[in-house]
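Below is coords-v1.txt, which holds compact mmCIF, C-alpha atoms.
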```txt
# COMPACT_ATOMS: atom_id res chain seq x y z
CA MET A 1 2.32 -1.36 22.31
CA ARG A 2 4.07 -3.34 19.65
CA PRO A 3 7.69 -2.54 18.82
CA THR A 4 8.47 -1.41 15.30
CA SER A 5 11.92 -1.15 13.84
CA GLY A 6 11.79 2.66 13.77
CA ASP A 7 10.79 3.20 17.40
CA ILE A 8 13.18 4.57 20.02
CA GLU A 9 11.64 4.32 23.43
CA THR A 10 12.80 7.00 25.88
CA ASN A 11 12.20 7.51 29.60
CA ASP A 12 13.47 9.83 32.33
CA ARG A 13 16.70 7.93 32.77
CA ALA A 14 18.05 7.45 29.27
CA ILE A 15 17.65 8.84 25.79
CA VAL A 16 19.39 5.94 24.11
CA ARG A 17 18.14 2.47 24.60
CA PRO A 18 20.46 -0.03 26.32
CA VAL A 19 22.03 -2.50 23.88
CA ASN A 20 20.19 -5.55 25.16
CA ALA A 21 16.79 -3.85 24.75
CA LEU A 22 17.76 -2.76 21.24
CA THR A 23 18.68 -6.34 20.39
CA ALA A 24 15.37 -7.55 21.79
CA THR A 25 13.50 -5.00 19.69
CA THR A 26 15.44 -5.92 16.56
CA LYS A 27 14.66 -9.56 17.17
CA GLY A 28 11.03 -8.64 17.79
CA ALA A 29 10.89 -6.72 14.51
CA ALA A 30 12.41 -9.68 12.67
CA THR A 31 9.81 -12.04 14.16
CA ARG A 32 7.06 -9.59 13.25
CA ASP A 33 8.36 -9.40 9.67
CA ALA A 34 8.45 -13.20 9.45
CA ILE A 35 4.84 -13.41 10.62
CA ILE A 36 3.74 -10.79 8.07
CA GLU A 37 5.67 -12.65 5.35
CA ARG A 38 3.79 -15.87 6.12
CA ALA A 39 0.45 -14.04 6.45
CA TYR A 40 1.05 -12.35 3.10
CA GLU A 41 1.52 -15.76 1.43
CA ILE A 42 -1.71 -17.03 2.99
CA ALA A 43 -3.58 -13.87 1.94
CA ARG A 44 -2.47 -14.28 -1.68
CA PHE A 45 -4.67 -17.35 -1.93
CA SER A 46 -7.27 -16.97 0.82
CA GLY A 47 -7.62 -13.18 0.84
CA VAL A 48 -6.98 -10.80 3.70
CA GLU A 49 -10.34 -11.91 5.11
CA GLY A 50 -9.02 -15.48 5.07
CA LEU A 51 -6.44 -14.59 7.75
CA SER A 52 -6.91 -15.63 11.33
CA ILE A 53 -4.43 -15.68 14.19
CA GLY A 54 -4.87 -19.36 15.13
CA PRO A 55 -3.89 -21.06 11.84
CA LEU A 56 -1.24 -18.39 11.22
CA ALA A 57 0.38 -19.05 14.62
CA GLN A 58 0.48 -22.74 13.73
CA ALA A 59 2.02 -21.96 10.32
CA VAL A 60 4.87 -19.95 11.89
CA GLY A 61 5.28 -22.38 14.80
CA MET A 62 4.27 -19.94 17.52
CA SER A 63 1.57 -19.82 20.15
CA LYS A 64 -1.50 -17.66 19.51
CA SER A 65 -0.46 -15.35 22.35
CA GLY A 66 3.02 -15.13 20.79
CA VAL A 67 1.45 -13.78 17.59
CA PHE A 68 -0.87 -11.52 19.59
CA ALA A 69 2.21 -9.99 21.23
CA HIS A 70 3.14 -8.62 17.80
CA PHE A 71 -0.35 -7.75 16.58
CA GLY A 72 -2.91 -6.54 19.06
CA SER A 73 -5.78 -7.89 16.97
CA ARG A 74 -6.65 -9.71 13.77
CA GLU A 75 -7.37 -6.33 12.17
CA ASP A 76 -3.88 -5.11 13.13
CA LEU A 77 -2.44 -8.10 11.33
CA GLN A 78 -4.66 -7.53 8.29
CA ARG A 79 -3.60 -3.90 8.18
CA ALA A 80 0.06 -4.92 8.30
CA VAL A 81 -0.44 -7.39 5.45
CA ILE A 82 -2.15 -4.81 3.23
CA GLU A 83 0.62 -2.33 4.04
CA SER A 84 3.22 -4.96 3.21
CA ALA A 85 1.51 -5.60 -0.16
CA ALA A 86 1.52 -1.87 -0.96
CA THR A 87 5.20 -1.62 -0.03
CA ARG A 88 6.11 -4.63 -2.19
CA PHE A 89 4.17 -3.12 -5.08
CA GLY A 90 5.98 0.21 -4.69
CA GLU A 91 9.35 -1.52 -4.57
CA ALA A 92 8.57 -3.70 -7.58
CA VAL A 93 6.89 -1.10 -9.80
CA LEU A 94 7.62 2.47 -8.78
CA ILE A 95 11.20 2.36 -7.45
CA PRO A 96 12.76 0.81 -10.61
CA ALA A 97 10.75 3.18 -12.84
CA LEU A 98 12.09 6.21 -10.95
CA LYS A 99 15.58 5.23 -12.11
CA GLU A 100 14.55 5.86 -15.73
CA PRO A 101 14.64 9.34 -17.25
CA ARG A 102 11.40 11.24 -16.65
CA GLY A 103 8.86 11.24 -19.46
CA LEU A 104 7.90 8.30 -21.65
CA PRO A 105 10.91 6.13 -20.63
CA ARG A 106 9.80 6.30 -16.98
CA LEU A 107 6.10 5.79 -17.74
CA ARG A 108 6.87 2.83 -20.02
CA SER A 109 9.15 1.32 -17.37
CA LEU A 110 6.42 1.74 -14.77
CA MET A 111 3.90 -0.09 -16.99
CA HIS A 112 6.40 -2.88 -17.78
CA HIS A 113 7.17 -3.37 -14.09
CA TRP A 114 3.45 -3.38 -13.37
CA PHE A 115 3.06 -6.17 -15.93
CA GLU A 116 5.88 -8.03 -14.18
CA TRP A 117 4.01 -7.61 -10.90
CA VAL A 118 0.98 -9.19 -12.59
CA ARG A 119 3.18 -12.10 -13.74
CA GLY A 120 4.31 -12.72 -10.16
CA ASN A 121 0.80 -12.34 -8.72
CA SER A 122 -1.47 -13.90 -11.30
CA GLY A 123 -2.22 -16.82 -8.96
CA GLY A 124 -3.53 -14.34 -6.40
CA CYS A 125 -2.87 -10.65 -5.81
CA VAL A 126 -3.30 -9.33 -2.27
CA LEU A 127 -3.86 -5.78 -3.55
CA LEU A 128 -6.52 -6.61 -6.14
CA GLY A 129 -8.07 -9.08 -3.71
CA SER A 130 -8.26 -6.48 -0.96
CA VAL A 131 -10.13 -4.10 -3.26
CA THR A 132 -12.75 -6.78 -3.93
CA GLU A 133 -12.91 -7.62 -0.22
CA TYR A 134 -13.15 -4.12 1.22
CA ASP A 135 -14.52 -1.78 -1.42
CA ASP A 136 -18.06 -2.25 -0.11
CA ARG A 137 -17.22 -2.84 3.56
CA PRO A 138 -16.78 0.43 5.53
CA GLY A 139 -14.09 0.46 8.20
CA PRO A 140 -10.35 1.04 8.74
CA LEU A 141 -9.29 -1.62 6.20
CA HIS A 142 -11.53 -0.09 3.56
CA ASP A 143 -10.00 3.33 4.27
CA GLN A 144 -6.50 1.88 4.03
CA VAL A 145 -7.22 0.19 0.68
CA LEU A 146 -8.67 3.46 -0.61
CA ARG A 147 -5.64 5.46 0.57
CA ASN A 148 -3.27 3.00 -1.13
CA GLU A 149 -5.22 3.29 -4.37
CA GLN A 150 -5.19 7.07 -4.18
CA ARG A 151 -1.45 7.08 -3.49
CA TRP A 152 -0.85 4.87 -6.49
CA ARG A 153 -3.05 6.96 -8.77
CA THR A 154 -1.17 10.07 -7.67
CA GLU A 155 2.13 8.42 -8.66
CA LEU A 156 0.71 7.28 -11.97
CA ARG A 157 -0.66 10.75 -12.76
CA ARG A 158 2.67 12.30 -11.78
CA ALA A 159 4.50 10.04 -14.27
CA ILE A 160 1.92 10.92 -16.94
CA GLN A 161 2.20 14.65 -16.23
CA LEU A 162 5.99 14.45 -16.53
CA ALA A 163 5.62 12.74 -19.91
CA ILE A 164 3.34 15.60 -21.01
CA ASP A 165 5.79 18.19 -19.64
CA CYS A 166 8.63 16.50 -21.55
CA GLY A 167 6.63 16.76 -24.77
CA HIS A 168 6.30 12.95 -25.01
CA LEU A 169 2.51 12.86 -24.61
CA ARG A 170 -0.23 15.15 -25.86
CA GLU A 171 -1.71 17.56 -23.30
CA GLY A 172 -4.84 16.07 -21.75
CA ASP A 173 -6.81 15.08 -18.65
CA THR A 174 -4.30 13.10 -16.56
CA GLU A 175 -7.07 11.53 -14.48
CA GLN A 176 -8.61 10.13 -17.66
CA TYR A 177 -5.19 9.07 -18.93
CA ALA A 178 -4.48 7.29 -15.64
CA PHE A 179 -7.82 5.46 -15.84
CA GLU A 180 -7.04 4.22 -19.34
CA LEU A 181 -3.51 3.08 -18.53
CA TYR A 182 -4.67 1.44 -15.29
CA ALA A 183 -7.17 -0.57 -17.32
CA ILE A 184 -4.40 -2.35 -19.21
CA PRO A 185 -2.69 -4.24 -16.33
CA LEU A 186 -6.17 -5.11 -15.04
CA ALA A 187 -6.91 -6.73 -18.39
CA VAL A 188 -3.51 -8.47 -18.41
CA HIS A 189 -4.30 -9.88 -14.95
CA HIS A 190 -7.76 -10.99 -16.05
CA GLU A 191 -6.62 -12.57 -19.29
CA SER A 192 -3.45 -14.21 -17.96
CA GLY A 193 -5.42 -16.32 -15.52
CA LEU A 194 -7.58 -17.61 -18.37
CA PHE A 195 -5.34 -17.81 -21.41
CA GLY A 196 -1.81 -17.65 -20.02
CA TYR A 197 0.49 -14.81 -19.08
CA GLU A 198 2.51 -14.67 -22.31
CA LEU A 199 -0.48 -13.98 -24.54
CA ALA A 200 -1.90 -11.47 -22.06
CA ARG A 201 1.48 -9.74 -21.81
CA ARG A 202 1.76 -9.41 -25.60
CA HIS A 203 -1.68 -7.78 -25.63
CA GLY A 204 -0.68 -5.52 -22.73
CA ASP A 205 2.61 -4.44 -24.34
CA GLN A 206 0.86 -3.70 -27.62
CA ALA A 207 -1.93 -1.86 -25.83
CA ILE A 208 0.44 0.58 -24.10
CA GLU A 209 2.55 1.18 -27.23
CA ARG A 210 -0.60 1.82 -29.25
CA TRP A 211 -1.90 4.10 -26.49
CA PHE A 212 1.41 6.02 -26.39
CA ALA A 213 1.38 6.37 -30.20
CA ASN A 214 -2.24 7.64 -30.14
CA HIS A 215 -1.25 10.21 -27.50
CA SER A 216 1.96 11.36 -29.08
CA PRO A 217 1.99 15.15 -29.60
CA ASN A 218 2.64 14.38 -33.28
CA ALA A 219 -0.30 11.96 -33.66
CA MET B 220 -31.23 -37.72 -14.15
CA ARG B 221 -32.57 -34.25 -13.51
CA PRO B 222 -35.43 -32.93 -15.65
CA THR B 223 -34.69 -29.90 -17.79
CA SER B 224 -37.33 -27.85 -19.54
CA GLY B 225 -36.20 -29.02 -22.97
CA ASP B 226 -36.36 -32.77 -22.30
CA ILE B 227 -39.07 -34.98 -23.74
CA GLU B 228 -38.92 -38.45 -22.23
CA THR B 229 -40.10 -41.19 -24.53
CA ASN B 230 -40.71 -44.87 -23.96
CA ASP B 231 -42.13 -47.74 -25.97
CA ARG B 232 -45.69 -46.77 -25.30
CA ALA B 233 -45.85 -43.04 -26.10
CA ILE B 234 -43.88 -40.41 -27.96
CA VAL B 235 -45.66 -37.51 -26.29
CA ARG B 236 -45.64 -37.18 -22.57
CA PRO B 237 -48.95 -37.43 -20.67
CA VAL B 238 -50.30 -34.06 -19.51
CA ASN B 239 -49.78 -34.72 -15.79
CA ALA B 240 -46.11 -35.65 -16.32
CA LEU B 241 -45.63 -32.51 -18.38
CA THR B 242 -47.12 -30.40 -15.58
CA ALA B 243 -44.86 -32.10 -13.06
CA THR B 244 -41.82 -31.36 -15.21
CA THR B 245 -42.86 -27.72 -15.67
CA LYS B 246 -43.29 -27.40 -11.92
CA GLY B 247 -39.92 -29.11 -11.44
CA ALA B 248 -38.27 -26.69 -13.85
CA ALA B 249 -39.80 -23.73 -12.01
CA THR B 250 -38.50 -25.03 -8.68
CA ARG B 251 -35.09 -25.60 -10.22
CA ASP B 252 -35.08 -22.04 -11.57
CA ALA B 253 -36.04 -20.68 -8.14
CA ILE B 254 -33.15 -22.58 -6.53
CA ILE B 255 -30.70 -21.27 -9.13
CA GLU B 256 -32.04 -17.74 -8.62
CA ARG B 257 -31.38 -17.95 -4.88
CA ALA B 258 -27.98 -19.61 -5.39
CA TYR B 259 -27.03 -16.89 -7.87
CA GLU B 260 -27.75 -14.20 -5.24
CA ILE B 261 -25.63 -16.06 -2.68
CA ALA B 262 -22.79 -16.50 -5.21
CA ARG B 263 -22.74 -12.76 -5.97
CA PHE B 264 -21.41 -12.15 -2.48
CA SER B 265 -19.83 -15.45 -1.40
CA GLY B 266 -18.59 -16.66 -4.76
CA VAL B 267 -19.51 -19.87 -6.58
CA GLU B 268 -17.17 -21.67 -4.16
CA GLY B 269 -19.25 -20.23 -1.31
CA LEU B 270 -22.23 -22.34 -2.40
CA SER B 271 -23.21 -25.44 -0.50
CA ILE B 272 -26.39 -27.45 -0.66
CA GLY B 273 -27.24 -27.32 3.07
CA PRO B 274 -27.48 -23.54 3.62
CA LEU B 275 -29.04 -23.13 0.17
CA ALA B 276 -31.79 -25.67 0.97
CA GLN B 277 -32.50 -23.73 4.15
CA ALA B 278 -32.60 -20.44 2.21
CA VAL B 279 -35.21 -21.77 -0.24
CA GLY B 280 -37.15 -23.63 2.47
CA MET B 281 -36.49 -27.11 1.12
CA SER B 282 -34.83 -30.24 2.44
CA LYS B 283 -31.29 -31.05 1.31
CA SER B 284 -32.60 -34.10 -0.54
CA GLY B 285 -35.21 -31.86 -2.19
CA VAL B 286 -32.41 -29.71 -3.61
CA PHE B 287 -30.36 -32.80 -4.53
CA ALA B 288 -33.35 -34.01 -6.57
CA HIS B 289 -32.74 -31.02 -8.89
CA PHE B 290 -28.93 -31.01 -8.79
CA GLY B 291 -27.11 -34.30 -8.57
CA SER B 292 -24.16 -32.68 -6.84
CA ARG B 293 -22.78 -29.39 -5.56
CA GLU B 294 -20.78 -29.10 -8.76
CA ASP B 295 -23.97 -29.51 -10.81
CA LEU B 296 -25.44 -26.59 -8.90
CA GLN B 297 -22.30 -24.49 -9.36
CA ARG B 298 -22.33 -25.23 -13.08
CA ALA B 299 -25.97 -24.13 -13.30
CA VAL B 300 -25.20 -20.88 -11.45
CA ILE B 301 -22.28 -20.02 -13.76
CA GLU B 302 -24.47 -20.83 -16.76
CA SER B 303 -27.21 -18.63 -15.36
CA ALA B 304 -24.73 -15.76 -14.92
CA ALA B 305 -23.58 -16.13 -18.54
CA THR B 306 -27.19 -16.17 -19.77
CA ARG B 307 -28.04 -13.05 -17.74
CA PHE B 308 -24.97 -11.30 -19.13
CA GLY B 309 -25.94 -12.22 -22.70
CA GLU B 310 -29.49 -10.99 -22.16
CA ALA B 311 -28.33 -7.75 -20.52
CA VAL B 312 -25.45 -6.89 -22.86
CA LEU B 313 -25.57 -8.73 -26.17
CA ILE B 314 -29.30 -9.02 -26.94
CA PRO B 315 -30.08 -5.27 -26.67
CA ALA B 316 -26.94 -4.41 -28.69
CA LEU B 317 -28.05 -6.73 -31.50
CA LYS B 318 -31.11 -4.51 -31.99
CA GLU B 319 -28.84 -1.61 -32.99
CA PRO B 320 -27.56 -1.22 -36.57
CA ARG B 321 -24.32 -3.13 -37.13
CA GLY B 322 -21.11 -1.16 -36.92
CA LEU B 323 -20.24 1.47 -34.37
CA PRO B 324 -23.86 1.92 -33.10
CA ARG B 325 -23.97 -1.76 -32.14
CA LEU B 326 -20.46 -1.83 -30.63
CA ARG B 327 -21.16 1.35 -28.64
CA SER B 328 -24.48 -0.07 -27.41
CA LEU B 329 -22.72 -3.26 -26.37
CA MET B 330 -20.15 -1.31 -24.34
CA HIS B 331 -22.85 0.85 -22.75
CA HIS B 332 -24.89 -2.18 -21.76
CA TRP B 333 -21.71 -3.78 -20.40
CA PHE B 334 -21.21 -0.68 -18.24
CA GLU B 335 -24.82 -1.05 -17.06
CA TRP B 336 -24.07 -4.65 -16.16
CA VAL B 337 -21.13 -3.38 -14.07
CA ARG B 338 -23.49 -0.91 -12.36
CA GLY B 339 -25.83 -3.73 -11.40
CA ASN B 340 -23.02 -6.04 -10.29
CA SER B 341 -20.49 -3.75 -8.65
CA GLY B 342 -21.31 -5.24 -5.24
CA GLY B 343 -20.30 -8.64 -6.56
CA CYS B 344 -20.18 -10.13 -10.04
CA VAL B 345 -20.58 -13.90 -10.37
CA LEU B 346 -18.80 -13.90 -13.75
CA LEU B 347 -15.72 -11.91 -12.66
CA GLY B 348 -15.69 -13.79 -9.38
CA SER B 349 -15.78 -17.16 -11.12
CA VAL B 350 -12.74 -16.21 -13.22
CA THR B 351 -10.78 -15.44 -10.04
CA GLU B 352 -12.04 -18.65 -8.43
CA TYR B 353 -11.44 -21.09 -11.27
CA ASP B 354 -8.76 -19.68 -13.55
CA ASP B 355 -6.04 -21.61 -11.69
CA ARG B 356 -8.13 -24.62 -10.63
CA PRO B 357 -8.38 -27.29 -13.36
CA GLY B 358 -11.69 -29.09 -13.70
CA PRO B 359 -15.13 -28.87 -15.33
CA LEU B 360 -15.94 -25.48 -13.76
CA HIS B 361 -12.65 -24.02 -15.01
CA ASP B 362 -13.46 -25.33 -18.50
CA GLN B 363 -16.93 -23.83 -18.34
CA VAL B 364 -15.61 -20.42 -17.27
CA LEU B 365 -13.06 -20.55 -20.09
CA ARG B 366 -15.74 -21.50 -22.65
CA ASN B 367 -17.95 -18.61 -21.51
CA GLU B 368 -15.05 -16.18 -21.84
CA GLN B 369 -14.22 -17.49 -25.30
CA ARG B 370 -17.86 -17.22 -26.36
CA TRP B 371 -17.98 -13.64 -25.17
CA ARG B 372 -14.71 -12.70 -26.85
CA THR B 373 -16.04 -14.17 -30.10
CA GLU B 374 -19.13 -11.96 -29.85
CA LEU B 375 -17.05 -8.90 -29.06
CA ARG B 376 -14.68 -9.56 -31.97
CA ARG B 377 -17.68 -10.09 -34.27
CA ALA B 378 -19.08 -6.68 -33.30
CA ILE B 379 -15.65 -5.11 -33.85
CA GLN B 380 -15.22 -6.81 -37.23
CA LEU B 381 -18.64 -5.54 -38.34
CA ALA B 382 -17.62 -2.00 -37.35
CA ILE B 383 -14.48 -2.41 -39.50
CA ASP B 384 -16.54 -3.83 -42.38
CA CYS B 385 -18.94 -0.86 -42.13
CA GLY B 386 -15.98 1.54 -42.40
CA HIS B 387 -16.55 2.82 -38.86
CA LEU B 388 -13.22 1.55 -37.45
CA ARG B 389 -9.77 1.33 -38.95
CA GLU B 390 -8.63 -2.10 -40.16
CA GLY B 391 -6.66 -3.85 -37.40
CA ASP B 392 -6.09 -6.91 -35.22
CA THR B 393 -9.55 -7.63 -33.78
CA GLU B 394 -8.06 -9.78 -30.99
CA GLN B 395 -5.98 -6.80 -29.85
CA TYR B 396 -8.95 -4.47 -30.27
CA ALA B 397 -11.11 -6.81 -28.15
CA PHE B 398 -8.44 -6.92 -25.42
CA GLU B 399 -8.33 -3.12 -25.27
CA LEU B 400 -12.10 -2.66 -25.20
CA TYR B 401 -12.49 -5.46 -22.63
CA ALA B 402 -10.03 -3.59 -20.38
CA ILE B 403 -12.40 -0.62 -20.04
CA PRO B 404 -15.35 -2.30 -18.25
CA LEU B 405 -12.81 -4.10 -16.04
CA ALA B 406 -11.45 -0.70 -15.01
CA VAL B 407 -14.98 0.66 -14.50
CA HIS B 408 -15.72 -2.29 -12.23
CA HIS B 409 -12.48 -1.80 -10.30
CA GLU B 410 -12.86 1.94 -9.91
CA SER B 411 -16.59 1.97 -9.15
CA GLY B 412 -16.09 -0.12 -6.03
CA LEU B 413 -13.51 2.35 -4.76
CA PHE B 414 -14.64 5.77 -5.95
CA GLY B 415 -18.27 5.31 -6.93
CA TYR B 416 -19.97 4.17 -10.09
CA GLU B 417 -20.76 7.58 -11.56
CA LEU B 418 -17.13 8.71 -11.70
CA ALA B 419 -16.01 5.34 -13.04
CA ARG B 420 -18.75 5.42 -15.67
CA ARG B 421 -17.72 8.88 -16.87
CA HIS B 422 -14.16 7.59 -17.26
CA GLY B 423 -15.44 4.48 -19.06
CA ASP B 424 -17.67 6.44 -21.45
CA GLN B 425 -14.83 8.83 -22.26
CA ALA B 426 -12.40 5.95 -22.70
CA ILE B 427 -14.52 4.21 -25.34
CA GLU B 428 -15.31 7.42 -27.23
CA ARG B 429 -11.61 8.32 -27.24
CA TRP B 430 -10.74 4.79 -28.33
CA PHE B 431 -13.33 4.94 -31.13
CA ALA B 432 -11.98 8.34 -32.25
CA ASN B 433 -8.39 7.02 -32.26
CA HIS B 434 -9.50 4.06 -34.39
CA SER B 435 -11.65 5.97 -36.83
CA PRO B 436 -10.57 5.34 -40.46
CA ASN B 437 -10.16 9.13 -40.72
CA ALA B 438 -7.95 9.47 -37.59
```

Produce structure tokens that represent the structure in this file.
Amino acid sequence: MRPTSGDIETNDRAIVRPVNALTATTKGAATRDAIIERAYEIARFSGVEGLSIGPLAQAVGMSKSGVFAHFGSREDLQRAVIESAATRFGEAVLIPALKEPRGLPRLRSLMHHWFEWVRGNSGGCVLLGSVTEYDDRPGPLHDQVLRNEQRWRTELRRAIQLAIDCGHLREGDTEQYAFELYAIPLAVHHESGLFGYELARRHGDQAIERWFANHSPNA
Amino acid sequence: MRPTSGDIETNDRAIVRPVNALTATTKGAATRDAIIERAYEIARFSGVEGLSIGPLAQAVGMSKSGVFAHFGSREDLQRAVIESAATRFGEAVLIPALKEPRGLPRLRSLMHHWFEWVRGNSGGCVLLGSVTEYDDRPGPLHDQVLRNEQRWRTELRRAIQLAIDCGHLREGDTEQYAFELYAIPLAVHHESGLFGYELARRHGDQAIERWFANHSPNA
């Protein structure tokens, strides 16, 4: 059993954990986070499949068994890295957008923050990489990647539906709308690697504004 | 110097090559093509960076020096595989589209054939893979990938410009138009790996028809 920051272990003798055990768990969680942080950086360039416990242990200055104490297996570690990528994405793209008024302001903010995510990850994106790695490889990591994608599409469709409800976008198939808006950051990612982020971003910004205009209820 | 099918070697004694030398060169070219074919299949799943002469020689049942006789270096081989991918793409997507009348019929055919390319390469696309591999890695392979992309964008913009000239699309920035149309097969590729090609294709077909409708001169 690996400790996570949210766990409270109970037994017959005590409901609350003694202070020294709590400190140990907090320290354990911090070490675990530091390992994931390092693994995430490796995965950005070598992919989630490029992760292995040995080199990672060396990179964080721990023994292999020290790393294994935090992650029962290589797959556990890979799962944690993919989860970390999804959390970072949510924090970078969704959370700031939710601060904007619902409707087009929120949807536009979401797309802009997505473009910023692309800027920060054009050298290598763990999320896009994991799709390429696991989309045709059945197993728990594949299922996790799929779940993350579905979660994200649900958020995107929710933001689109709110923009329709607010009268900012024409009524339509939100699944199709989500597909078309999703395509734009993919193209920004693709083009920025080849021809530079600034050009790709200009194309991306124009593409969403033109898409919004074409889907205005007054268009 | 490696023989290529287009070379005619001349010397002081003869302008035309003797028949037996010609046969040898033809056989050499066929062997070279067979090696590229096998390397292309490997690169679909392991990437162009996943190619190395040793395992490839084994896969085609030749000695390493036998393969080196056709490709002076690993990079030579990688270059040939990327070139082969670009040629296949042109033959699968551009050539059939050029048989359609210029304007929207040709542009639509091009997009449809591009979607068919995605169908055939959803397990692993050498062209998309090579962009990820070389977009941030300066060198001859990076330059080749960039040239291929530029060539393709030129063709796409030409097809768009013809559709404008025919009065099938509204006047506009063909670079921006090309970015937006390019985004759609990228999204089909991305989504087909996760949720199946047929769903992704329906979204892709709808996306281009909706894009065409939004850019009709009468819209």

Using all atoms listed in the file, the best pick from B:Phe398, B:Trp371, B:Phe287, B:Phe264 as closest to chain A would be B:Phe398

Compute the set of chain A residues within 6 Å of chain B, using only C-alpha atoms, and express it as a PDB file with C-alpha atoms, keeping the file's coordinate frame.
```pdb
ATOM      1  CA  ASP A 135     -14.520  -1.780  -1.420  1.00  0.00           C
ATOM      2  CA  ALA A 183      -7.170  -0.570 -17.320  1.00  0.00           C
ATOM      3  CA  ILE A 184      -4.400  -2.350 -19.210  1.00  0.00           C
ATOM      4  CA  ALA A 187      -6.910  -6.730 -18.390  1.00  0.00           C
ATOM      5  CA  GLY A 193      -5.420 -16.320 -15.520  1.00  0.00           C
ATOM      6  CA  LEU A 194      -7.580 -17.610 -18.370  1.00  0.00           C
TER       7      LEU A 194
END
```

Which residues, written as a PDB file with C-alpha atoms, in the frame of the given file, have at least one atom at most 12 Å from Glu294 (chain B), with all atoms listed in the file counted and residues fewer than 3 positions away on the same chain left out?
```
ATOM      1  CA  VAL B 267     -19.510 -19.870  -6.580  1.00  0.00           C
ATOM      2  CA  GLU B 268     -17.170 -21.670  -4.160  1.00  0.00           C
ATOM      3  CA  GLY B 269     -19.250 -20.230  -1.310  1.00  0.00           C
ATOM      4  CA  LEU B 270     -22.230 -22.340  -2.400  1.00  0.00           C
ATOM      5  CA  SER B 271     -23.210 -25.440  -0.500  1.00  0.00           C
ATOM      6  CA  ILE B 272     -26.390 -27.450  -0.660  1.00  0.00           C
ATOM      7  CA  PHE B 287     -30.360 -32.800  -4.530  1.00  0.00           C
ATOM      8  CA  PHE B 290     -28.930 -31.010  -8.790  1.00  0.00           C
ATOM      9  CA  GLY B 291     -27.110 -34.300  -8.570  1.00  0.00           C
ATOM     10  CA  GLN B 297     -22.300 -24.490  -9.360  1.00  0.00           C
ATOM     11  CA  ARG B 298     -22.330 -25.230 -13.080  1.00  0.00           C
ATOM     12  CA  ALA B 299     -25.970 -24.130 -13.300  1.00  0.00           C
ATOM     13  CA  VAL B 300     -25.200 -20.880 -11.450  1.00  0.00           C
ATOM     14  CA  ILE B 301     -22.280 -20.020 -13.760  1.00  0.00           C
ATOM     15  CA  GLY B 358     -11.690 -29.090 -13.700  1.00  0.00           C
ATOM     16  CA  PRO B 359     -15.130 -28.870 -15.330  1.00  0.00           C
ATOM     17  CA  LEU B 360     -15.940 -25.480 -13.760  1.00  0.00           C
ATOM     18  CA  HIS B 361     -12.650 -24.020 -15.010  1.00  0.00           C
ATOM     19  CA  GLN B 363     -16.930 -23.830 -18.340  1.00  0.00           C
TER      20      GLN B 363
END
```

Please indicate the distance in Å from CA of Leu156 (chain A) to CA of Arg88 (chain A), rounded to one decimal place.
-> 16.3 Å

Mind pulling up the distance from CA of His70 (chain A) to CA of Pro55 (chain A)?
-> 15.5 Å

List the neighbours of Pro320 (chain B) out to 12 Å using all atoms listed in the file; skip same-chain residues closer than 4 positions along the sequence, and give me the result as a PyMOL selection string.
-> chain B and resi 315-316+324-329+378+381-382+385+387

In Å, with one decimal, what is the gap from CA of Leu77 (chain A) to CA of Tyr40 (chain A)?
-> 9.9 Å

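For the choices B:His332, B:Ala249, B:Leu323, B:Tyr416, the atom-to-atom distance to Arg389 (chain B) is smallest for B:Leu323 when using only C-alpha atoms.
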
Centre and edge lengths of an axis-aligned box around all listed atoms of region 70-76 of chain A, with 6 Å added on each side, are to be given in Å to one decimal, as lines of an AutoDock Vina configuration file.
```
center_x = -2.1
center_y = -7.4
center_z = 15.6
size_x = 22.5
size_y = 16.6
size_z = 18.9
```

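The shortest atom-to-atom distance to Gly339 (chain B), with all atoms listed in the file taken into account, belongs to B:Arg263 out of B:Ala305, B:Thr245, B:Ala278, B:Arg263.
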